[in-house]
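Q: Sharing a structure, written as structure tokens. Questions coming.
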Amino acid sequence: TGYHPEILGEYAALKESRERLWTVGLACLVGILLLVWLEFRSARITALVGLSLPFALVGGVIGVALTGGVLSLGSLVGFVTVIGISARNGIMLLSHYDHLRRFEGEAFGPALILRGAQERLVPILMTALCAGLALVPLVIAGDKPGHEIEHPMAIVILGGLISSTALNLFLMPALYARFGKERPEREPELAEAVA
């Protein structure tokens with residue numbers, strides 16, 4: 001009586017760091033969706049961004065699977081980073097669609113979708129290429145001593161950049177074309193006549 005086992009040291013610190021990272025990651029996701037809603041005031045657009053974020057992680061999951069399937073602290077940090085980059089690119093694209101529709105008078109339809117995607121192609125590719133090229137040396141260096149966190153993180157971010165860039169350039173415009181159009185507001189005279 002009075003004695004109990006405690007797991008201390010590196011394992012306990014790793015477990016605590018993982019739990020903290022999951023909590024911070026979830027808080028970031030909620031914050032991203034809240035900011036999207038505040039910007040667009042549209043549940044449809046917020047849902048588009050929210051549903052697209054898990055698809056952006058596919059490349060990171062494939063990267064983890066190809067390198068042994070070990071989910072380390074570095075790879076968790078990589079997943080949080082990929083969510084941020086993907087959300088930024090998606091918001092940038094959707095915001096441009098909104099700008100074209102509201103301020104440049106572009107009607108909702110295929111012309112709007114294609115123009116917005118073409119005009120945001122270079123910024124989205126530049127974001128992905130700059131981040132990706134910076135990570136290539138860490139991926140090539142491998143799991144050398146001192147790179148225990150950076151190597152898995154770089155693999156996840158690089159894989160996630162590939163999938164999130166493809167998502168933002170191909171899937172997001174298609175989803176916006178299908179679900180992005182807001183229902184037209186009823187005319188006040190028509191609403192009074194119906195009532």
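Each chain of the structure tokens is named A, B, ... in the order shown, its residues numbered from 1; ligands are numbered from 1 in display order.
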What lies within 7 Å of region 79-89 of chain A using only C-alpha atoms, ignoring chain neighbours under 6 positions off, as a PyMOL selection string?
A: chain A and resi 25+49+53+56-57+60+124+156-157+160-161+164+168
Q: Any chance you could export the current selection's all heavy atoms as a PDB file, in the first residue's frame?
A:
```pdb
ATOM      1  N   GLY A  25      -3.962  21.162 -32.373  1.00  0.00           N
ATOM      2  CA  GLY A  25      -4.397  20.936 -33.754  1.00  0.00           C
ATOM      3  C   GLY A  25      -5.903  21.060 -33.909  1.00  0.00           C
ATOM      4  O   GLY A  25      -6.396  21.684 -34.856  1.00  0.00           O
ATOM      5  N   VAL A  49     -14.572  24.114 -47.039  1.00  0.00           N
ATOM      6  CA  VAL A  49     -13.207  24.150 -46.498  1.00  0.00           C
ATOM      7  C   VAL A  49     -13.025  23.038 -45.472  1.00  0.00           C
ATOM      8  O   VAL A  49     -12.026  22.319 -45.493  1.00  0.00           O
ATOM      9  CB  VAL A  49     -12.896  25.536 -45.885  1.00  0.00           C
ATOM     10  CG1 VAL A  49     -11.563  25.517 -45.156  1.00  0.00           C
ATOM     11  CG2 VAL A  49     -12.885  26.603 -46.958  1.00  0.00           C
ATOM     12  N   LEU A  53     -10.270  19.664 -45.943  1.00  0.00           N
ATOM     13  CA  LEU A  53      -9.019  19.552 -45.186  1.00  0.00           C
ATOM     14  C   LEU A  53      -8.570  18.106 -44.945  1.00  0.00           C
ATOM     15  O   LEU A  53      -7.384  17.809 -45.092  1.00  0.00           O
ATOM     16  CB  LEU A  53      -9.130  20.318 -43.871  1.00  0.00           C
ATOM     17  CG  LEU A  53      -9.197  21.837 -44.023  1.00  0.00           C
ATOM     18  CD1 LEU A  53      -9.340  22.500 -42.660  1.00  0.00           C
ATOM     19  CD2 LEU A  53      -8.000  22.382 -44.760  1.00  0.00           C
ATOM     20  N   ALA A  56      -6.664  16.738 -47.838  1.00  0.00           N
ATOM     21  CA  ALA A  56      -5.320  17.291 -48.005  1.00  0.00           C
ATOM     22  C   ALA A  56      -4.280  16.456 -47.270  1.00  0.00           C
ATOM     23  O   ALA A  56      -3.098  16.484 -47.604  1.00  0.00           O
ATOM     24  CB  ALA A  56      -5.281  18.728 -47.514  1.00  0.00           C
ATOM     25  N   LEU A  57      -4.711  15.715 -46.253  1.00  0.00           N
ATOM     26  CA  LEU A  57      -3.782  14.922 -45.449  1.00  0.00           C
ATOM     27  C   LEU A  57      -3.424  13.585 -46.082  1.00  0.00           C
ATOM     28  O   LEU A  57      -2.556  12.876 -45.575  1.00  0.00           O
ATOM     29  CB  LEU A  57      -4.376  14.689 -44.059  1.00  0.00           C
ATOM     30  CG  LEU A  57      -4.695  15.943 -43.249  1.00  0.00           C
ATOM     31  CD1 LEU A  57      -5.338  15.564 -41.929  1.00  0.00           C
ATOM     32  CD2 LEU A  57      -3.456  16.769 -43.025  1.00  0.00           C
ATOM     33  N   GLY A  60       0.232  13.078 -46.833  1.00  0.00           N
ATOM     34  CA  GLY A  60       1.018  12.869 -45.615  1.00  0.00           C
ATOM     35  C   GLY A  60       0.873  11.461 -45.083  1.00  0.00           C
ATOM     36  O   GLY A  60       1.851  10.847 -44.628  1.00  0.00           O
ATOM     37  N   ILE A 124      -0.845  29.448 -55.776  1.00  0.00           N
ATOM     38  CA  ILE A 124      -0.946  28.158 -55.086  1.00  0.00           C
ATOM     39  C   ILE A 124       0.281  27.299 -55.389  1.00  0.00           C
ATOM     40  O   ILE A 124       0.865  26.682 -54.491  1.00  0.00           O
ATOM     41  CB  ILE A 124      -2.256  27.436 -55.471  1.00  0.00           C
ATOM     42  CG1 ILE A 124      -3.451  28.161 -54.844  1.00  0.00           C
ATOM     43  CG2 ILE A 124      -2.231  25.975 -55.038  1.00  0.00           C
ATOM     44  CD1 ILE A 124      -4.797  27.656 -55.288  1.00  0.00           C
ATOM     45  N   VAL A 156       5.951  14.117 -44.204  1.00  0.00           N
ATOM     46  CA  VAL A 156       4.511  14.357 -44.117  1.00  0.00           C
ATOM     47  C   VAL A 156       4.142  15.651 -44.836  1.00  0.00           C
ATOM     48  O   VAL A 156       3.171  15.701 -45.597  1.00  0.00           O
ATOM     49  CB  VAL A 156       4.051  14.382 -42.638  1.00  0.00           C
ATOM     50  CG1 VAL A 156       2.647  14.931 -42.514  1.00  0.00           C
ATOM     51  CG2 VAL A 156       4.130  12.991 -42.042  1.00  0.00           C
ATOM     52  N   ILE A 157       4.913  16.708 -44.612  1.00  0.00           N
ATOM     53  CA  ILE A 157       4.587  17.993 -45.242  1.00  0.00           C
ATOM     54  C   ILE A 157       4.746  17.892 -46.755  1.00  0.00           C
ATOM     55  O   ILE A 157       3.892  18.387 -47.506  1.00  0.00           O
ATOM     56  CB  ILE A 157       5.453  19.130 -44.667  1.00  0.00           C
ATOM     57  CG1 ILE A 157       5.114  19.369 -43.193  1.00  0.00           C
ATOM     58  CG2 ILE A 157       5.239  20.414 -45.460  1.00  0.00           C
ATOM     59  CD1 ILE A 157       6.018  20.367 -42.506  1.00  0.00           C
ATOM     60  N   GLY A 160       1.884  15.852 -48.064  1.00  0.00           N
ATOM     61  CA  GLY A 160       0.672  16.641 -47.900  1.00  0.00           C
ATOM     62  C   GLY A 160       0.596  17.811 -48.857  1.00  0.00           C
ATOM     63  O   GLY A 160      -0.488  18.177 -49.323  1.00  0.00           O
ATOM     64  N   LEU A 161       1.746  18.416 -49.160  1.00  0.00           N
ATOM     65  CA  LEU A 161       1.759  19.520 -50.132  1.00  0.00           C
ATOM     66  C   LEU A 161       1.320  19.043 -51.508  1.00  0.00           C
ATOM     67  O   LEU A 161       0.578  19.738 -52.207  1.00  0.00           O
ATOM     68  CB  LEU A 161       3.153  20.129 -50.232  1.00  0.00           C
ATOM     69  CG  LEU A 161       3.554  21.107 -49.147  1.00  0.00           C
ATOM     70  CD1 LEU A 161       5.018  21.494 -49.302  1.00  0.00           C
ATOM     71  CD2 LEU A 161       2.681  22.337 -49.174  1.00  0.00           C
ATOM     72  N   SER A 164      -2.529  18.297 -51.177  1.00  0.00           N
ATOM     73  CA  SER A 164      -3.335  19.496 -50.950  1.00  0.00           C
ATOM     74  C   SER A 164      -3.301  20.429 -52.156  1.00  0.00           C
ATOM     75  O   SER A 164      -4.290  21.090 -52.468  1.00  0.00           O
ATOM     76  CB  SER A 164      -2.880  20.237 -49.699  1.00  0.00           C
ATOM     77  OG  SER A 164      -1.636  20.847 -49.875  1.00  0.00           O
ATOM     78  N   ASN A 168      -6.575  21.572 -54.134  1.00  0.00           N
ATOM     79  CA  ASN A 168      -6.961  22.966 -54.333  1.00  0.00           C
ATOM     80  C   ASN A 168      -7.038  23.348 -55.804  1.00  0.00           C
ATOM     81  O   ASN A 168      -7.758  24.276 -56.154  1.00  0.00           O
ATOM     82  CB  ASN A 168      -5.996  23.896 -53.598  1.00  0.00           C
ATOM     83  CG  ASN A 168      -6.281  23.917 -52.119  1.00  0.00           C
ATOM     84  OD1 ASN A 168      -7.406  24.109 -51.695  1.00  0.00           O
ATOM     85  ND2 ASN A 168      -5.250  23.705 -51.316  1.00  0.00           N
TER      86      ASN A 168
END
```
Q: Just the residues within 12 Å of region 169-174 of chain A, please, counting only C-alpha atoms, with nothing from its chain fewer than 5 positions along; format it as a VMD selection string.
A: chain A and resid 45 47 to 53 55 to 56 86 to 87 89 to 94 96 to 97 109 to 125 128 161 to 164 179 to 181
Q: Would you kindly return, as a PDB file with C-alpha atoms, in the first residue's frame, each protein, DNA or RNA residue with an atom no farther than 12 Å from any atom of Leu133 (chain A), considering only C-alpha atoms and excluding same-chain residues fewer than 3 positions away?
A:
```pdb
ATOM      1  CA  LEU A 125       1.893  26.476 -57.008  1.00  0.00           C
ATOM      2  CA  MET A 126       4.463  28.963 -55.696  1.00  0.00           C
ATOM      3  CA  THR A 127       3.399  28.330 -52.093  1.00  0.00           C
ATOM      4  CA  ALA A 128       3.690  24.574 -52.569  1.00  0.00           C
ATOM      5  CA  LEU A 129       6.968  24.695 -54.509  1.00  0.00           C
ATOM      6  CA  CYS A 130       8.720  27.064 -52.094  1.00  0.00           C
ATOM      7  CA  VAL A 136      13.775  18.256 -49.982  1.00  0.00           C
ATOM      8  CA  PRO A 137      17.198  18.379 -48.223  1.00  0.00           C
ATOM      9  CA  LEU A 138      15.606  17.104 -44.991  1.00  0.00           C
ATOM     10  CA  VAL A 139      13.925  14.238 -46.842  1.00  0.00           C
ATOM     11  CA  ILE A 140      17.147  13.324 -48.680  1.00  0.00           C
ATOM     12  CA  ALA A 154       9.410  16.879 -43.842  1.00  0.00           C
ATOM     13  CA  ILE A 155       8.037  13.653 -45.361  1.00  0.00           C
ATOM     14  CA  ILE A 157       4.587  17.993 -45.242  1.00  0.00           C
ATOM     15  CA  LEU A 158       6.008  17.112 -48.669  1.00  0.00           C
ATOM     16  CA  LEU A 161       1.759  19.520 -50.132  1.00  0.00           C
ATOM     17  CA  ILE A 162       1.372  17.313 -53.186  1.00  0.00           C
TER      18      ILE A 162
END
```
Q: Using only C-alpha atoms, determine which residues lie at most 10 Å from Leu73 (chain A), disregarding the query and same-chain residues fewer than 2 positions distant; provide the list as a PyMOL selection string.
A: chain A and resi 14-15+17-18+21+70-71+75-78+148-150+152-153
Q: If I take CA of Glu39 (chain A) and CA of His99 (chain A), how far is one from the other in Å, to one decimal?
A: 11.8 Å
Q: DSSP on the backbone: what in region 46-155 of chain A comes out helix (DSSP H, G or I), as a PyMOL selection string?
A: chain A and resi 46-56+58-66+73-102+110-141+150-155
Q: What does the distance from CA of Asp98 (chain A) to CA of Leu167 (chain A) come to in Å, to one decimal?
A: 18.8 Å
Q: Between A:Ile32, A:Ser42, A:Thr1, A:Gly159, which residue has the minimum interatomic distance to Ala65 (chain A), considering only C-alpha atoms?
A: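 Between A:Ile32, A:Ser42, A:Thr1, A:Gly159, the residue approaching Ala65 (chain A) most closely is A:Gly159.
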